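Take a look at the structure below.
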Amino acid sequence: MNQGTHWVGYIDWDLRNFHGYATPTGSTYNAYLLEDEQPTLIDTVKNLGADAMIREIRRVMDPARIRYIVSNHTEMDHSGAIDEVLALAPKAEVICSPKGEEGLKRHFKKNWRFRVVADGEEIKIGRRTLKFVHMPMVHWPDSMATYCMEDKTLFSNDAFGQHMATHERYADEVGPDRVMHEAAKYYANIVLPYGAQVQRVLAALKGVALELICPSHGLMWRREEDIRAILSAYSDWSAYKTEPRALIVYDTMWKSTRQLAEGLYKALGSAGINVKIVNLQLTGRSEIMADVLLSRFLFVGSSILNNRMLPTVAGFMTYLAGLKPKSRWGATFGSYGWSRIGFQGLETLLNDSGVETLTAPRYIQYIPEAEDLDSWSEWVAAVQRKF
Ligand code: FEO
């Protein structure tokens, strides 16, 4: 890191679920301390990591010296230890956006000393100048980033982050492939609905010198090629660019829907189409979203249980509808016993998610016949027309 900039965050090795997002290796809450004439703490950590963060701060300085606490984002994984820091740094002001002030007051009911900053406002903290870039809905209304002009460092809060716990602090120490996969998964599960807002942030960063990106989760990006790669990925993802690949997501009761899924998989694969098949009984929705992010085609299959789609499918589709992937085509399929009415809910959720209908749905009563498993030519042709 630049001289006088210190990571003082908390590595949460035990975290396995971040409001519905599975985090099998944990995550980190990154906070950064800038040593300067007016020592400045950028973000804090989830409350359970407050003591660990304060220990990290004490390695650098007495917390009483802290003059500013920048709260880039109200969500409690970043603001949860502000009170603990203020108890040790009573002179500190909390810097935040106007929506940040509203949110922090609603969350913490405390009369902290706020310094509300406008978009583009600068504050001199000594050698350094901090510039505040509002980024509403990336991913809350209050969100902002802090740019240190002299160090060419962007403290980007949730943007460009990853939910992964590691001993290492930089993306290049872990390996760009793994970190980029986690960054894609993070984008797909958290940032995906806000493509237009991300594009506005990227436009604001155009031409800004960046030598280090410090997100509030996961690893920092310091190599020129890694910074270029993550900015380029965000540009593609926020433009809803996809690859010509298909994703089949299903659950099954007595293996009829599974047979249909496998028949579709075989037909697409035989036509040379890149296709992946995922059983919801075995794979979690947050992992599946990383594939949704890249896939142009999404096919969802369910059996019918008590006139409804299966609960696993309903959970996934509700999650998907909230994340609103655009520029994708899809269709539904499945097996039923005596009534097809339960498929209406599946079709509605696919429609609500923003996935456009590629072709008519396909529903088979009870057990598929051999010809049902081989007759996917219309679906394959519909996919090929969208290449
Ligand atoms: Fe990492 Fe939106 O909090």
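Letters A, B, ... go to the chains of the structure tokens in the order shown; residues in each chain start at 1; ligands are counted from 1 in the same order.
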
Show me which residues are within 8 Å of ligand 1 counting only C-alpha atoms and all ligand atoms, and format the list as a PDB file with N, CA, C and O atoms, in the first residue's frame.
ATOM      1  N   TYR A  29     -14.256  -7.465   5.984  1.00  0.00           N
ATOM      2  CA  TYR A  29     -14.778  -6.104   6.024  1.00  0.00           C
ATOM      3  C   TYR A  29     -13.534  -5.231   6.079  1.00  0.00           C
ATOM      4  O   TYR A  29     -12.797  -5.259   7.070  1.00  0.00           O
ATOM      5  N   HIS A  73     -20.760   4.084   3.202  1.00  0.00           N
ATOM      6  CA  HIS A  73     -21.990   3.307   3.016  1.00  0.00           C
ATOM      7  C   HIS A  73     -22.546   2.929   4.384  1.00  0.00           C
ATOM      8  O   HIS A  73     -21.815   2.465   5.249  1.00  0.00           O
ATOM      9  N   THR A  74     -23.844   3.098   4.543  1.00  0.00           N
ATOM     10  CA  THR A  74     -24.485   2.892   5.848  1.00  0.00           C
ATOM     11  C   THR A  74     -24.596   1.426   6.245  1.00  0.00           C
ATOM     12  O   THR A  74     -24.659   1.118   7.439  1.00  0.00           O
ATOM     13  N   GLU A  75     -24.676   0.505   5.294  1.00  0.00           N
ATOM     14  CA  GLU A  75     -24.960  -0.882   5.655  1.00  0.00           C
ATOM     15  C   GLU A  75     -24.005  -1.319   6.777  1.00  0.00           C
ATOM     16  O   GLU A  75     -22.816  -0.983   6.779  1.00  0.00           O
ATOM     17  N   MET A  76     -24.542  -2.118   7.707  1.00  0.00           N
ATOM     18  CA  MET A  76     -23.843  -2.299   8.989  1.00  0.00           C
ATOM     19  C   MET A  76     -22.556  -3.113   8.892  1.00  0.00           C
ATOM     20  O   MET A  76     -21.790  -3.170   9.852  1.00  0.00           O
ATOM     21  N   ASP A  77     -22.312  -3.742   7.750  1.00  0.00           N
ATOM     22  CA  ASP A  77     -21.014  -4.415   7.629  1.00  0.00           C
ATOM     23  C   ASP A  77     -19.882  -3.398   7.485  1.00  0.00           C
ATOM     24  O   ASP A  77     -18.708  -3.768   7.614  1.00  0.00           O
ATOM     25  N   HIS A  78     -20.229  -2.112   7.261  1.00  0.00           N
ATOM     26  CA  HIS A  78     -19.191  -1.075   7.149  1.00  0.00           C
ATOM     27  C   HIS A  78     -19.331   0.023   8.200  1.00  0.00           C
ATOM     28  O   HIS A  78     -18.360   0.700   8.501  1.00  0.00           O
ATOM     29  N   HIS A 139     -24.498   0.089  -3.911  1.00  0.00           N
ATOM     30  CA  HIS A 139     -25.801  -0.458  -4.238  1.00  0.00           C
ATOM     31  C   HIS A 139     -26.928   0.039  -3.319  1.00  0.00           C
ATOM     32  O   HIS A 139     -28.039  -0.512  -3.337  1.00  0.00           O
ATOM     33  N   TRP A 140     -26.664   1.059  -2.515  1.00  0.00           N
ATOM     34  CA  TRP A 140     -27.698   1.704  -1.702  1.00  0.00           C
ATOM     35  C   TRP A 140     -27.769   3.183  -2.106  1.00  0.00           C
ATOM     36  O   TRP A 140     -26.802   3.706  -2.690  1.00  0.00           O
ATOM     37  N   ASN A 157     -15.575   1.092  -1.613  1.00  0.00           N
ATOM     38  CA  ASN A 157     -16.632   0.460  -0.829  1.00  0.00           C
ATOM     39  C   ASN A 157     -17.082  -0.844  -1.502  1.00  0.00           C
ATOM     40  O   ASN A 157     -16.256  -1.662  -1.892  1.00  0.00           O
ATOM     41  N   ASP A 158     -18.396  -1.059  -1.667  1.00  0.00           N
ATOM     42  CA  ASP A 158     -18.847  -2.373  -2.156  1.00  0.00           C
ATOM     43  C   ASP A 158     -18.456  -2.627  -3.621  1.00  0.00           C
ATOM     44  O   ASP A 158     -18.383  -3.788  -4.045  1.00  0.00           O
ATOM     45  N   SER A 216     -14.320  -2.673  -0.104  1.00  0.00           N
ATOM     46  CA  SER A 216     -14.624  -2.924   1.306  1.00  0.00           C
ATOM     47  C   SER A 216     -14.794  -4.408   1.617  1.00  0.00           C
ATOM     48  O   SER A 216     -15.012  -4.777   2.768  1.00  0.00           O
ATOM     49  N   HIS A 217     -14.722  -5.255   0.600  1.00  0.00           N
ATOM     50  CA  HIS A 217     -14.723  -6.709   0.828  1.00  0.00           C
ATOM     51  C   HIS A 217     -13.648  -7.338  -0.062  1.00  0.00           C
ATOM     52  O   HIS A 217     -13.499  -6.963  -1.237  1.00  0.00           O
TER      53      HIS A 217
END

Test item: residues at most 10 Å from Leu310 in chain A, only C-alpha atoms, excluding those fewer than 3 positions along its chain, as a PyMOL selection string: chain A and resi 250-253+301-307+313-315+342+346

Deliver the residues from the most recent selection as a file, using N, CA and C atoms, as an mmCIF file, in the first residue's frame.
data_model
loop_
_atom_site.group_PDB
_atom_site.id
_atom_site.type_symbol
_atom_site.label_atom_id
_atom_site.label_comp_id
_atom_site.auth_asym_id
_atom_site.auth_seq_id
_atom_site.Cartn_x
_atom_site.Cartn_y
_atom_site.Cartn_z
ATOM 1 N N TYR A 250 -32.637 -26.628 -12.711
ATOM 2 C CA TYR A 250 -33.860 -27.414 -12.501
ATOM 3 C C TYR A 250 -33.863 -28.058 -11.122
ATOM 4 N N ASP A 251 -35.039 -28.476 -10.703
ATOM 5 C CA ASP A 251 -35.166 -29.458 -9.618
ATOM 6 C C ASP A 251 -36.203 -30.483 -10.078
ATOM 7 N N THR A 252 -36.169 -31.627 -9.460
ATOM 8 C CA THR A 252 -36.970 -32.746 -9.942
ATOM 9 C C THR A 252 -37.520 -33.545 -8.774
ATOM 10 N N MET A 253 -38.711 -34.159 -8.967
ATOM 11 C CA MET A 253 -39.330 -34.916 -7.884
ATOM 12 C C MET A 253 -39.114 -36.416 -8.078
ATOM 13 N N GLY A 301 -36.424 -25.539 -15.151
ATOM 14 C CA GLY A 301 -37.333 -26.673 -15.099
ATOM 15 C C GLY A 301 -37.771 -26.998 -13.688
ATOM 16 N N SER A 302 -39.026 -27.438 -13.562
ATOM 17 C CA SER A 302 -39.537 -27.832 -12.241
ATOM 18 C C SER A 302 -40.572 -28.935 -12.401
ATOM 19 N N SER A 303 -40.657 -29.756 -11.402
ATOM 20 C CA SER A 303 -41.835 -30.614 -11.246
ATOM 21 C C SER A 303 -42.912 -29.776 -10.578
ATOM 22 N N ILE A 304 -44.114 -30.322 -10.535
ATOM 23 C CA ILE A 304 -45.223 -29.636 -9.868
ATOM 24 C C ILE A 304 -45.558 -30.384 -8.571
ATOM 25 N N LEU A 305 -45.648 -29.620 -7.499
ATOM 26 C CA LEU A 305 -45.977 -30.169 -6.182
ATOM 27 C C LEU A 305 -47.104 -29.337 -5.597
ATOM 28 N N ASN A 306 -48.242 -29.960 -5.348
ATOM 29 C CA ASN A 306 -49.392 -29.243 -4.777
ATOM 30 C C ASN A 306 -49.729 -27.969 -5.564
ATOM 31 N N ASN A 307 -49.770 -28.126 -6.884
ATOM 32 C CA ASN A 307 -50.128 -27.008 -7.778
ATOM 33 C C ASN A 307 -49.135 -25.854 -7.761
ATOM 34 N N VAL A 313 -37.070 -24.260 -6.637
ATOM 35 C CA VAL A 313 -37.183 -23.467 -7.863
ATOM 36 C C VAL A 313 -37.800 -22.110 -7.541
ATOM 37 N N ALA A 314 -38.823 -22.130 -6.673
ATOM 38 C CA ALA A 314 -39.471 -20.864 -6.282
ATOM 39 C C ALA A 314 -38.466 -19.938 -5.602
ATOM 40 N N GLY A 315 -37.610 -20.501 -4.736
ATOM 41 C CA GLY A 315 -36.599 -19.685 -4.043
ATOM 42 C C GLY A 315 -35.616 -19.080 -5.029
ATOM 43 N N GLY A 342 -49.559 -24.976 -11.923
ATOM 44 C CA GLY A 342 -48.399 -24.521 -11.145
ATOM 45 C C GLY A 342 -47.311 -23.904 -12.000
ATOM 46 N N LEU A 346 -44.156 -20.129 -12.351
ATOM 47 C CA LEU A 346 -42.781 -20.203 -12.867
ATOM 48 C C LEU A 346 -42.608 -19.240 -14.043
#

Proximity to Gly80 in chain A - best of A:Thr44, A:Asn111, A:Ser156, A:Gln259, only C-alpha atoms: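 Closest residue, counting only C-alpha atoms: A:Thr44.
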
CA of Thr357 in chain A to CA of Leu298 in chain A, straight-line distance in Å: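 Calculated distance between CA of Leu298 in chain A and CA of Thr357 in chain A is 9.8 Å.
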
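In this comparison, which uses only C-alpha atoms, the residue of A:Ala267, A:Leu323, A:Ile230, A:Ala209 approaching Leu192 in chain A most closely is A:Leu323.
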
Two-atom distance - CA of Val355 in chain A, CA of Ala183 in chain A (Å): 22.7 Å

Secondary structure check, strand (DSSP E) residues of range 25-150 of chain A, as a PyMOL selection string: chain A and resi 27-29+32-34+40-42+68-70+93-96+114-116+122-124+129-134+144-148

Using the selection just defined, write its residues with C-alpha atoms as a compact mmCIF listing (two decimals), in the first residue's frame.
# COMPACT_ATOMS: atom_id res chain seq x y z
CA SER A 27 -15.45 -12.64 3.81
CA THR A 28 -13.62 -9.55 4.95
CA TYR A 29 -14.78 -6.10 6.02
CA TYR A 32 -8.37 1.71 5.87
CA LEU A 33 -6.46 4.15 8.07
CA LEU A 34 -4.69 7.11 6.47
CA THR A 40 -8.68 9.50 8.64
CA LEU A 41 -10.39 6.14 8.91
CA ILE A 42 -12.19 5.01 5.78
CA TYR A 68 -12.36 11.84 10.35
CA ILE A 69 -14.29 8.62 9.89
CA VAL A 70 -15.47 8.35 6.30
CA GLU A 93 -16.35 13.78 12.54
CA VAL A 94 -18.30 11.29 10.46
CA ILE A 95 -18.06 12.13 6.76
CA CYS A 96 -20.90 10.81 4.62
CA PHE A 114 -21.63 14.62 10.83
CA ARG A 115 -19.86 16.32 7.96
CA VAL A 116 -22.05 15.81 4.92
CA GLU A 122 -12.81 17.61 -1.67
CA ILE A 123 -11.33 17.69 1.81
CA LYS A 124 -7.64 18.24 2.57
CA THR A 129 -6.76 15.42 -0.65
CA LEU A 130 -9.82 13.21 -0.49
CA LYS A 131 -12.49 13.57 -3.15
CA PHE A 132 -15.93 12.06 -2.57
CA VAL A 133 -17.76 10.47 -5.47
CA HIS A 134 -21.43 9.74 -4.87
CA MET A 144 -20.16 6.75 -2.23
CA ALA A 145 -16.48 6.16 -2.98
CA THR A 146 -13.50 8.13 -1.69
CA TYR A 147 -10.62 8.97 -4.00
CA CYS A 148 -7.21 9.98 -2.67

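For the set A:Glu35, A:Gln344, A:Lys276, A:Phe155, the residue with the smallest atom-to-atom gap to Arg59 in chain A is A:Glu35, counting only C-alpha atoms.
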